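Raw structure37.pdb, PDB, C-alpha atoms:
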```pdb
MODEL        1
ATOM      1  CA  MET A  12    -106.022  30.057 124.554
ATOM      2  CA  SER A  13    -106.111  33.758 123.603
ATOM      3  CA  ASP A  14    -105.431  34.649 119.973
ATOM      4  CA  SER A  15    -102.697  36.964 121.291
ATOM      5  CA  CYS A  16    -100.650  34.003 122.571
ATOM      6  CA  PRO A  17     -98.244  32.181 120.255
ATOM      7  CA  PRO A  18     -99.009  28.533 119.410
ATOM      8  CA  PRO A  19     -98.323  26.190 122.360
ATOM      9  CA  GLY A  20     -95.087  24.225 122.510
ATOM     10  CA  ARG A  21     -94.734  20.511 122.051
ATOM     11  CA  PRO A  22     -96.616  18.236 124.507
ATOM     12  CA  GLY A  23     -94.928  17.916 127.895
ATOM     13  CA  THR A  24     -93.263  21.330 127.830
ATOM     14  CA  TYR A  25     -93.975  24.053 130.374
ATOM     15  CA  PRO A  26     -96.653  26.585 129.343
ATOM     16  CA  SER A  27     -95.515  30.044 128.303
ATOM     17  CA  ASP A  28     -96.119  33.102 130.487
ATOM     18  CA  CYS A  29     -98.832  34.123 128.054
ATOM     19  CA  GLU A  30    -100.600  30.767 128.418
ATOM     20  CA  VAL A  31    -100.374  30.937 132.233
ATOM     21  CA  LEU A  32    -101.895  34.428 132.301
ATOM     22  CA  ASP A  33    -104.582  33.388 129.838
ATOM     23  CA  GLY A  34    -105.431  30.453 132.092
ATOM     24  CA  LEU A  35    -105.720  32.788 135.087
ATOM     25  CA  ARG A  36    -108.080  35.024 133.138
ATOM     26  CA  THR A  37    -110.256  32.016 132.364
ATOM     27  CA  LEU A  38    -110.315  31.056 136.040
ATOM     28  CA  ALA A  39    -111.317  34.604 136.951
ATOM     29  CA  ARG A  40    -114.242  34.507 134.535
ATOM     30  CA  ASP A  41    -115.393  31.102 135.751
ATOM     31  CA  ARG A  42    -114.583  31.348 139.478
ATOM     32  CA  VAL A  43    -117.349  30.730 142.005
ATOM     33  CA  PRO A  44    -117.356  33.588 144.563
ATOM     34  CA  ARG A  45    -116.527  32.432 148.090
ATOM     35  CA  HIS A  46    -118.746  33.760 150.835
ATOM     36  CA  LEU A  47    -117.936  34.501 154.462
ATOM     37  CA  ASP A  48    -119.718  31.341 155.573
ATOM     38  CA  ASP A  49    -117.617  29.098 153.307
ATOM     39  CA  PRO A  50    -116.142  26.448 155.689
ATOM     40  CA  ALA A  51    -112.931  26.140 153.655
ATOM     41  CA  LEU A  52    -112.378  29.894 153.729
ATOM     42  CA  LEU A  53    -113.076  30.126 157.458
ATOM     43  CA  ALA A  54    -110.731  27.204 158.135
ATOM     44  CA  ARG A  55    -107.874  28.985 156.361
ATOM     45  CA  ALA A  56    -108.621  32.274 158.095
ATOM     46  CA  SER A  57    -108.700  30.597 161.510
ATOM     47  CA  GLU A  58    -104.998  29.686 161.199
ATOM     48  CA  ILE A  59    -103.724  33.190 160.413
ATOM     49  CA  LYS A  60    -101.285  34.819 162.846
ATOM     50  CA  LEU A  61     -99.886  37.494 160.523
ATOM     51  CA  LEU A  62    -101.542  39.686 157.874
ATOM     52  CA  LEU A  63     -99.301  41.229 155.214
ATOM     53  CA  LEU A  64    -100.545  43.988 152.927
ATOM     54  CA  ASP A  65     -99.603  45.788 149.749
ATOM     55  CA  VAL A  66    -100.247  49.547 149.828
ATOM     56  CA  ASP A  67    -101.280  51.062 146.488
ATOM     57  CA  GLY A  68    -104.637  49.628 145.461
ATOM     58  CA  VAL A  69    -105.065  47.878 148.836
ATOM     59  CA  LEU A  70    -104.580  50.339 151.696
ATOM     60  CA  THR A  71    -105.235  53.129 149.167
ATOM     61  CA  ASP A  72    -107.353  53.361 146.022
ATOM     62  CA  GLY A  73    -104.179  53.361 143.944
ATOM     63  CA  THR A  74    -104.219  57.084 143.176
ATOM     64  CA  LEU A  75    -100.851  58.846 143.441
ATOM     65  CA  LEU A  76    -100.986  62.551 144.358
ATOM     66  CA  TYR A  77     -97.936  64.803 143.944
ATOM     67  CA  SER A  78     -97.577  68.329 145.315
ATOM     68  CA  ASN A  79     -95.788  71.102 143.424
ATOM     69  CA  ASN A  80     -92.601  70.342 145.346
ATOM     70  CA  GLY A  81     -92.759  66.655 144.344
ATOM     71  CA  GLN A  82     -93.966  65.247 147.642
ATOM     72  CA  GLU A  83     -96.277  62.242 147.411
ATOM     73  CA  SER A  84     -99.592  62.071 149.275
ATOM     74  CA  LYS A  85    -101.849  59.098 149.948
ATOM     75  CA  ALA A  86    -105.364  58.747 151.356
ATOM     76  CA  PHE A  87    -106.111  56.003 153.887
ATOM     77  CA  HIS A  88    -109.475  54.747 155.144
ATOM     78  CA  THR A  89    -110.155  55.039 158.884
ATOM     79  CA  GLN A  90    -112.104  51.760 158.971
ATOM     80  CA  ASP A  91    -109.071  49.943 157.599
ATOM     81  CA  GLY A  92    -107.007  51.452 160.393
ATOM     82  CA  PHE A  93    -109.459  50.404 163.068
ATOM     83  CA  GLY A  94    -109.623  46.901 161.592
ATOM     84  CA  LEU A  95    -105.842  46.584 161.916
ATOM     85  CA  ARG A  96    -106.099  47.819 165.501
ATOM     86  CA  LEU A  97    -108.616  45.054 166.190
ATOM     87  CA  LEU A  98    -106.236  42.480 164.726
ATOM     88  CA  HIS A  99    -103.537  43.586 167.141
ATOM     89  CA  GLU A 100    -105.989  43.268 170.022
ATOM     90  CA  ALA A 101    -106.763  39.763 168.761
ATOM     91  CA  GLY A 102    -103.054  38.863 168.836
ATOM     92  CA  ILE A 103    -102.585  38.915 165.053
ATOM     93  CA  GLN A 104     -99.471  40.645 163.713
ATOM     94  CA  THR A 105     -99.555  42.980 160.717
ATOM     95  CA  GLY A 106     -97.071  43.980 158.039
ATOM     96  CA  ILE A 107     -96.667  46.016 154.876
ATOM     97  CA  ILE A 108     -94.632  45.066 151.817
ATOM     98  CA  THR A 109     -94.588  47.659 149.056
ATOM     99  CA  ALA A 110     -92.462  48.348 146.001
ATOM    100  CA  ARG A 111     -92.700  52.102 146.493
ATOM    101  CA  THR A 112     -91.188  54.257 149.238
ATOM    102  CA  SER A 113     -93.346  56.906 150.874
ATOM    103  CA  GLU A 114     -93.104  59.034 153.998
ATOM    104  CA  ALA A 115     -96.900  58.913 154.191
ATOM    105  CA  VAL A 116     -96.814  55.114 154.416
ATOM    106  CA  ALA A 117     -94.118  55.214 157.096
ATOM    107  CA  ARG A 118     -96.199  57.658 159.124
ATOM    108  CA  ARG A 119     -99.390  55.626 158.740
ATOM    109  CA  ALA A 120     -97.571  52.415 159.673
ATOM    110  CA  ALA A 121     -96.216  54.069 162.815
ATOM    111  CA  GLU A 122     -99.684  55.365 163.754
ATOM    112  CA  LEU A 123    -101.169  51.890 163.361
ATOM    113  CA  LYS A 124     -98.233  50.184 165.111
ATOM    114  CA  ILE A 125     -97.625  47.914 162.117
ATOM    115  CA  ASN A 126     -95.228  45.166 163.203
ATOM    116  CA  HIS A 127     -93.309  44.778 159.939
ATOM    117  CA  LEU A 128     -92.700  47.541 157.367
ATOM    118  CA  TYR A 129     -90.823  46.875 154.129
ATOM    119  CA  GLN A 130     -90.714  49.711 151.563
ATOM    120  CA  GLY A 131     -88.865  49.946 148.246
ATOM    121  CA  ILE A 132     -88.977  46.171 147.838
ATOM    122  CA  ARG A 133     -88.420  45.074 144.242
ATOM    123  CA  ASN A 134     -88.736  41.364 145.063
ATOM    124  CA  LYS A 135     -91.519  40.899 147.601
ATOM    125  CA  LEU A 136     -90.560  37.267 148.089
ATOM    126  CA  ASP A 137     -87.309  38.382 149.753
ATOM    127  CA  ALA A 138     -89.226  40.440 152.306
ATOM    128  CA  PHE A 139     -91.641  37.560 152.865
ATOM    129  CA  GLY A 140     -88.745  35.211 153.587
ATOM    130  CA  ASP A 141     -87.176  37.678 155.999
ATOM    131  CA  ILE A 142     -90.445  38.119 157.891
ATOM    132  CA  SER A 143     -90.994  34.358 158.008
ATOM    133  CA  ARG A 144     -87.541  33.841 159.514
ATOM    134  CA  LYS A 145     -87.997  36.608 162.083
ATOM    135  CA  THR A 146     -91.436  35.441 163.214
ATOM    136  CA  GLY A 147     -90.953  31.686 162.808
ATOM    137  CA  LEU A 148     -94.370  31.507 161.165
ATOM    138  CA  LYS A 149     -95.232  28.968 158.486
ATOM    139  CA  PRO A 150     -96.851  30.014 155.171
ATOM    140  CA  PHE A 151    -100.237  28.607 156.257
ATOM    141  CA  GLU A 152    -100.176  31.030 159.219
ATOM    142  CA  ILE A 153     -99.747  34.084 156.995
ATOM    143  CA  ALA A 154    -102.315  35.990 154.926
ATOM    144  CA  TYR A 155    -101.511  38.450 152.140
ATOM    145  CA  MET A 156    -103.652  40.986 150.308
ATOM    146  CA  GLY A 157    -102.614  42.342 146.919
ATOM    147  CA  ASP A 158    -104.185  43.770 143.794
ATOM    148  CA  ASP A 159    -101.775  43.398 140.862
ATOM    149  CA  TRP A 160     -99.308  41.065 139.162
ATOM    150  CA  LEU A 161     -96.409  42.046 141.446
ATOM    151  CA  ASP A 162     -98.351  40.428 144.290
ATOM    152  CA  LEU A 163     -98.833  37.026 142.650
ATOM    153  CA  THR A 164     -95.517  35.635 143.890
ATOM    154  CA  LEU A 165     -96.778  35.967 147.480
ATOM    155  CA  LEU A 166    -100.444  35.212 146.879
ATOM    156  CA  VAL A 167     -99.642  31.723 145.608
ATOM    157  CA  ARG A 168     -97.533  30.928 148.696
ATOM    158  CA  VAL A 169     -99.543  32.091 151.698
ATOM    159  CA  GLY A 170    -102.208  30.245 153.644
ATOM    160  CA  LEU A 171    -104.851  32.861 152.862
ATOM    161  CA  ALA A 172    -104.631  34.924 149.670
ATOM    162  CA  VAL A 173    -107.055  37.847 149.428
ATOM    163  CA  SER A 174    -107.676  40.579 146.870
ATOM    164  CA  PRO A 175    -109.754  43.764 147.014
ATOM    165  CA  ALA A 176    -112.661  44.141 144.600
ATOM    166  CA  ASN A 177    -110.535  46.365 142.331
ATOM    167  CA  ALA A 178    -107.796  43.746 141.831
ATOM    168  CA  VAL A 179    -106.982  42.655 138.293
ATOM    169  CA  ALA A 180    -108.594  39.446 137.054
ATOM    170  CA  GLU A 181    -105.441  37.340 137.300
ATOM    171  CA  VAL A 182    -104.992  38.253 140.967
ATOM    172  CA  GLN A 183    -108.620  37.549 141.841
ATOM    173  CA  ALA A 184    -108.282  34.147 140.182
ATOM    174  CA  ALA A 185    -105.254  33.302 142.335
ATOM    175  CA  CYS A 186    -106.954  34.283 145.608
ATOM    176  CA  HIS A 187    -109.068  32.372 148.102
ATOM    177  CA  TYR A 188    -111.302  35.402 148.648
ATOM    178  CA  THR A 189    -112.100  38.793 147.106
ATOM    179  CA  THR A 190    -113.494  41.434 149.446
ATOM    180  CA  PRO A 191    -116.763  43.260 148.700
ATOM    181  CA  ARG A 192    -115.068  46.657 148.926
ATOM    182  CA  THR A 193    -112.218  48.138 146.932
ATOM    183  CA  GLY A 194    -108.746  49.187 148.016
ATOM    184  CA  GLY A 195    -108.697  52.358 150.080
ATOM    185  CA  GLN A 196    -112.454  52.051 150.614
ATOM    186  CA  GLY A 197    -112.647  49.474 153.399
ATOM    187  CA  ALA A 198    -111.263  46.345 151.710
ATOM    188  CA  VAL A 199    -108.683  45.806 154.457
ATOM    189  CA  ARG A 200    -111.410  46.146 157.097
ATOM    190  CA  ASP A 201    -113.409  43.455 155.265
ATOM    191  CA  LEU A 202    -110.421  41.129 155.572
ATOM    192  CA  CYS A 203    -109.798  42.027 159.220
ATOM    193  CA  ASP A 204    -113.438  41.239 160.012
ATOM    194  CA  LEU A 205    -113.082  37.860 158.281
ATOM    195  CA  LEU A 206    -109.999  36.945 160.331
ATOM    196  CA  ILE A 207    -111.561  38.010 163.618
ATOM    197  CA  ARG A 208    -114.783  36.154 162.895
ATOM    198  CA  ALA A 209    -112.994  32.979 161.753
ATOM    199  CA  GLN A 210    -111.019  32.926 165.011
ATOM    200  CA  GLY A 211    -114.161  33.359 167.105
ATOM    201  CA  LEU A 212    -113.116  36.725 168.523
ATOM    202  CA  ASP A 213    -115.650  39.077 166.928
ATOM    203  CA  GLN A 214    -118.212  39.075 169.752
ATOM    204  CA  GLN A 215    -115.536  39.293 172.441
ATOM    205  CA  LEU A 216    -113.980  42.354 170.823
ATOM    206  CA  LEU A 217    -117.365  43.937 170.173
ATOM    207  CA  GLN A 218    -118.388  43.526 173.794
ATOM    208  CA  ARG A 219    -115.127  45.160 174.868
ATOM    209  CA  TYR A 220    -116.095  48.318 172.997
ATOM    210  CA  LEU A 221    -119.734  48.192 174.042
ATOM    211  CA  SER A 222    -118.685  48.173 177.694
ATOM    212  CA  GLN A 223    -116.391  51.200 177.436
TER     213      GLN A 223
ENDMDL
END
```
Please go through the file and, once you have read it, give me the structure as structure tokens.
Amino acid sequence: MSDSCPPPGRPGTYPSDCEVLDGLRTLARDRVPRHLDDPALLARASEIKLLLLDVDGVLTDGTLLYSNNGQESKAFHTQDGFGLRLLHEAGIQTGIITARTSEAVARRAAELKINHLYQGIRNKLDAFGDISRKTGLKPFEIAYMGDDWLDLTLLVRVGLAVSPANAVAEVQAACHYTTPRTGGQGAVRDLCDLLIRAQGLDQQLLQRYLSQ
């Protein structure tokens, strides 16, 4: 246990938040990276019918840009957008759950025809429950990608938990897979490619574009 944590409680009691986070850090240091040919990873990915995403640090690099009049700007990666388009063509729904509210996110979601958009969500579990009820999907049919502690409540519940390479150690430790690329730099595309490949649709979709 970290020296920063208080002494543990008596045997049989629940661990403190500090002990839980310290344990996650240990897992992150010791975790064995999963590769795209990992049968367990592919099996999870093959069941996914809905991909949910955080925004800052996932669809973007986490940088917040403000103009002189206070408007917020965000930069999105075109390969991420095309990956989400491919998911739709593969019959996989997409959604965004973010704690912030941004006109740029609303515009990008509309451009990409995102099925479910939840902004200004303080408790992401509430949005997750609402989406689950609307779609009728089970947790094992849903994937989520997040990068920070606010995302842990969903990452530990979904069938496929994924983090970008820039995610904090505790999040990477809680995930089934960490993408090679960072948020805003193609991480979402990495995940889209995994889902399409696991469901045996990669060559079919590729041929569709080759024949255009």
Legend entry - For A:Gly73, the nearest of the candidates A:Glu100, A:Asp137, A:Asp158, A:Glu58, counting all atoms listed in the file: A:Asp158
Inset, instruction - Select, from A:Val66, A:Ile142, A:Leu75, A:Ala154, the residue with the minimum atom-to-atom distance to A:Ala117, counting all atoms listed in the file. - result: A:Val66
Legend entry - Pairwise distance for atom CA of A:Gln215 and atom CA of A:Tyr155, rounded to one decimal in Å: 24.7 Å
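Among the candidates A:Lys124, A:Arg208, A:Arg219, A:Arg200, the residue lying nearest to A:Asp48 is A:Arg208 (atoms considered: all atoms listed in the file).
Restricting the calculation to all atoms listed in the file, the smallest distance between A:Ser143 and any of A:Lys60, A:Cys186, A:Leu47, A:Leu123 is found for A:Lys60.
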Inset, instruction - Quote the spacing between atom CA of A:Leu98 and atom CA of A:Asp204 in Å to one decimal place. - result: 8.7 Å
Inset, instruction - Could you tell me which residues the PyMOL selection byres ((chain A and resi 190) around 12) grabs in this file, written as a count of residues only? - result: 35
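Nearest-residue note for A:His127: choosing from A:Leu166, A:Ile107, A:Ala115, A:Leu206, the minimum distance belongs to A:Ile107, counting only C-alpha atoms.
Between atom CA of A:Tyr129 and atom CA of A:Leu63 there is a distance of 10.2 Å.
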So for stretch 187-198 of chain A, what box centre and size do we get, axis-aligned, 8 Å extra on each of the six sides, every listed atom, Å to one decimal, as AutoDock Vina command-line options?
```
--center_x -112.7 --center_y 42.4 --center_z 150.2 --size_x 24.1 --size_y 36.0 --size_z 22.5
```
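Residues matched by the PyMOL selection byres ((chain A and resi 57) around 8) in this structure: Leu53, Ala54, Arg55, Ala56, Glu58, Ile59, Leu206, Ala209 and Gln210 of chain A.
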Please, can stretch 76-101 of chain A be completed to N, CA and C atoms and returned as a PDB file, keeping the file's coordinate frame?
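Written file, result.pdb:
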```pdb
ATOM      1  N   LEU A  76    -100.855  61.100 144.367  1.00  0.00           N
ATOM      2  CA  LEU A  76    -100.986  62.551 144.358  1.00  0.00           C
ATOM      3  C   LEU A  76     -99.635  63.182 144.643  1.00  0.00           C
ATOM      4  N   TYR A  77     -99.213  64.129 143.763  1.00  0.00           N
ATOM      5  CA  TYR A  77     -97.936  64.803 143.944  1.00  0.00           C
ATOM      6  C   TYR A  77     -98.171  66.299 144.128  1.00  0.00           C
ATOM      7  N   SER A  78     -97.505  66.883 145.119  1.00  0.00           N
ATOM      8  CA  SER A  78     -97.577  68.329 145.315  1.00  0.00           C
ATOM      9  C   SER A  78     -96.626  69.016 144.352  1.00  0.00           C
ATOM     10  N   ASN A  79     -96.661  70.346 144.321  1.00  0.00           N
ATOM     11  CA  ASN A  79     -95.788  71.102 143.424  1.00  0.00           C
ATOM     12  C   ASN A  79     -94.319  70.891 143.733  1.00  0.00           C
ATOM     13  N   ASN A  80     -94.011  70.577 144.996  1.00  0.00           N
ATOM     14  CA  ASN A  80     -92.601  70.342 145.346  1.00  0.00           C
ATOM     15  C   ASN A  80     -92.199  68.875 145.209  1.00  0.00           C
ATOM     16  N   GLY A  81     -93.093  68.045 144.635  1.00  0.00           N
ATOM     17  CA  GLY A  81     -92.759  66.655 144.344  1.00  0.00           C
ATOM     18  C   GLY A  81     -93.075  65.671 145.442  1.00  0.00           C
ATOM     19  N   GLN A  82     -93.619  66.158 146.563  1.00  0.00           N
ATOM     20  CA  GLN A  82     -93.966  65.247 147.642  1.00  0.00           C
ATOM     21  C   GLN A  82     -95.199  64.427 147.284  1.00  0.00           C
ATOM     22  N   GLU A  83     -95.189  63.165 147.725  1.00  0.00           N
ATOM     23  CA  GLU A  83     -96.277  62.242 147.411  1.00  0.00           C
ATOM     24  C   GLU A  83     -97.257  62.168 148.573  1.00  0.00           C
ATOM     25  N   SER A  84     -98.553  62.187 148.253  1.00  0.00           N
ATOM     26  CA  SER A  84     -99.592  62.071 149.275  1.00  0.00           C
ATOM     27  C   SER A  84    -100.446  60.842 149.007  1.00  0.00           C
ATOM     28  N   LYS A  85    -100.972  60.255 150.072  1.00  0.00           N
ATOM     29  CA  LYS A  85    -101.849  59.098 149.948  1.00  0.00           C
ATOM     30  C   LYS A  85    -103.028  59.270 150.893  1.00  0.00           C
ATOM     31  N   ALA A  86    -104.168  58.702 150.517  1.00  0.00           N
ATOM     32  CA  ALA A  86    -105.364  58.747 151.356  1.00  0.00           C
ATOM     33  C   ALA A  86    -105.638  57.354 151.906  1.00  0.00           C
ATOM     34  N   PHE A  87    -105.843  57.272 153.226  1.00  0.00           N
ATOM     35  CA  PHE A  87    -106.111  56.003 153.887  1.00  0.00           C
ATOM     36  C   PHE A  87    -107.503  56.030 154.496  1.00  0.00           C
ATOM     37  N   HIS A  88    -108.120  54.865 154.616  1.00  0.00           N
ATOM     38  CA  HIS A  88    -109.475  54.747 155.144  1.00  0.00           C
ATOM     39  C   HIS A  88    -109.419  54.464 156.647  1.00  0.00           C
ATOM     40  N   THR A  89    -110.199  55.210 157.431  1.00  0.00           N
ATOM     41  CA  THR A  89    -110.155  55.039 158.884  1.00  0.00           C
ATOM     42  C   THR A  89    -110.654  53.663 159.318  1.00  0.00           C
ATOM     43  N   GLN A  90    -111.612  53.084 158.585  1.00  0.00           N
ATOM     44  CA  GLN A  90    -112.104  51.760 158.971  1.00  0.00           C
ATOM     45  C   GLN A  90    -111.032  50.696 158.777  1.00  0.00           C
ATOM     46  N   ASP A  91    -110.202  50.867 157.762  1.00  0.00           N
ATOM     47  CA  ASP A  91    -109.071  49.943 157.599  1.00  0.00           C
ATOM     48  C   ASP A  91    -108.153  50.033 158.811  1.00  0.00           C
ATOM     49  N   GLY A  92    -107.881  51.261 159.246  1.00  0.00           N
ATOM     50  CA  GLY A  92    -107.007  51.452 160.393  1.00  0.00           C
ATOM     51  C   GLY A  92    -107.564  50.826 161.653  1.00  0.00           C
ATOM     52  N   PHE A  93    -108.864  50.986 161.873  1.00  0.00           N
ATOM     53  CA  PHE A  93    -109.459  50.404 163.068  1.00  0.00           C
ATOM     54  C   PHE A  93    -109.468  48.879 162.975  1.00  0.00           C
ATOM     55  N   GLY A  94    -109.676  48.347 161.774  1.00  0.00           N
ATOM     56  CA  GLY A  94    -109.623  46.901 161.592  1.00  0.00           C
ATOM     57  C   GLY A  94    -108.264  46.339 161.953  1.00  0.00           C
ATOM     58  N   LEU A  95    -107.191  47.031 161.576  1.00  0.00           N
ATOM     59  CA  LEU A  95    -105.842  46.584 161.916  1.00  0.00           C
ATOM     60  C   LEU A  95    -105.600  46.689 163.415  1.00  0.00           C
ATOM     61  N   ARG A  96    -106.179  47.710 164.036  1.00  0.00           N
ATOM     62  CA  ARG A  96    -106.099  47.819 165.501  1.00  0.00           C
ATOM     63  C   ARG A  96    -106.772  46.618 166.164  1.00  0.00           C
ATOM     64  N   LEU A  97    -107.920  46.217 165.647  1.00  0.00           N
ATOM     65  CA  LEU A  97    -108.616  45.054 166.190  1.00  0.00           C
ATOM     66  C   LEU A  97    -107.787  43.782 166.037  1.00  0.00           C
ATOM     67  N   LEU A  98    -107.097  43.655 164.909  1.00  0.00           N
ATOM     68  CA  LEU A  98    -106.236  42.480 164.726  1.00  0.00           C
ATOM     69  C   LEU A  98    -105.167  42.427 165.806  1.00  0.00           C
ATOM     70  N   HIS A  99    -104.564  43.556 166.092  1.00  0.00           N
ATOM     71  CA  HIS A  99    -103.537  43.586 167.141  1.00  0.00           C
ATOM     72  C   HIS A  99    -104.125  43.171 168.487  1.00  0.00           C
ATOM     73  N   GLU A 100    -105.341  43.644 168.773  1.00  0.00           N
ATOM     74  CA  GLU A 100    -105.989  43.268 170.022  1.00  0.00           C
ATOM     75  C   GLU A 100    -106.309  41.775 170.051  1.00  0.00           C
ATOM     76  N   ALA A 101    -106.484  41.191 168.863  1.00  0.00           N
ATOM     77  CA  ALA A 101    -106.763  39.763 168.761  1.00  0.00           C
ATOM     78  C   ALA A 101    -105.486  38.927 168.750  1.00  0.00           C
TER      79      ALA A 101
END
```
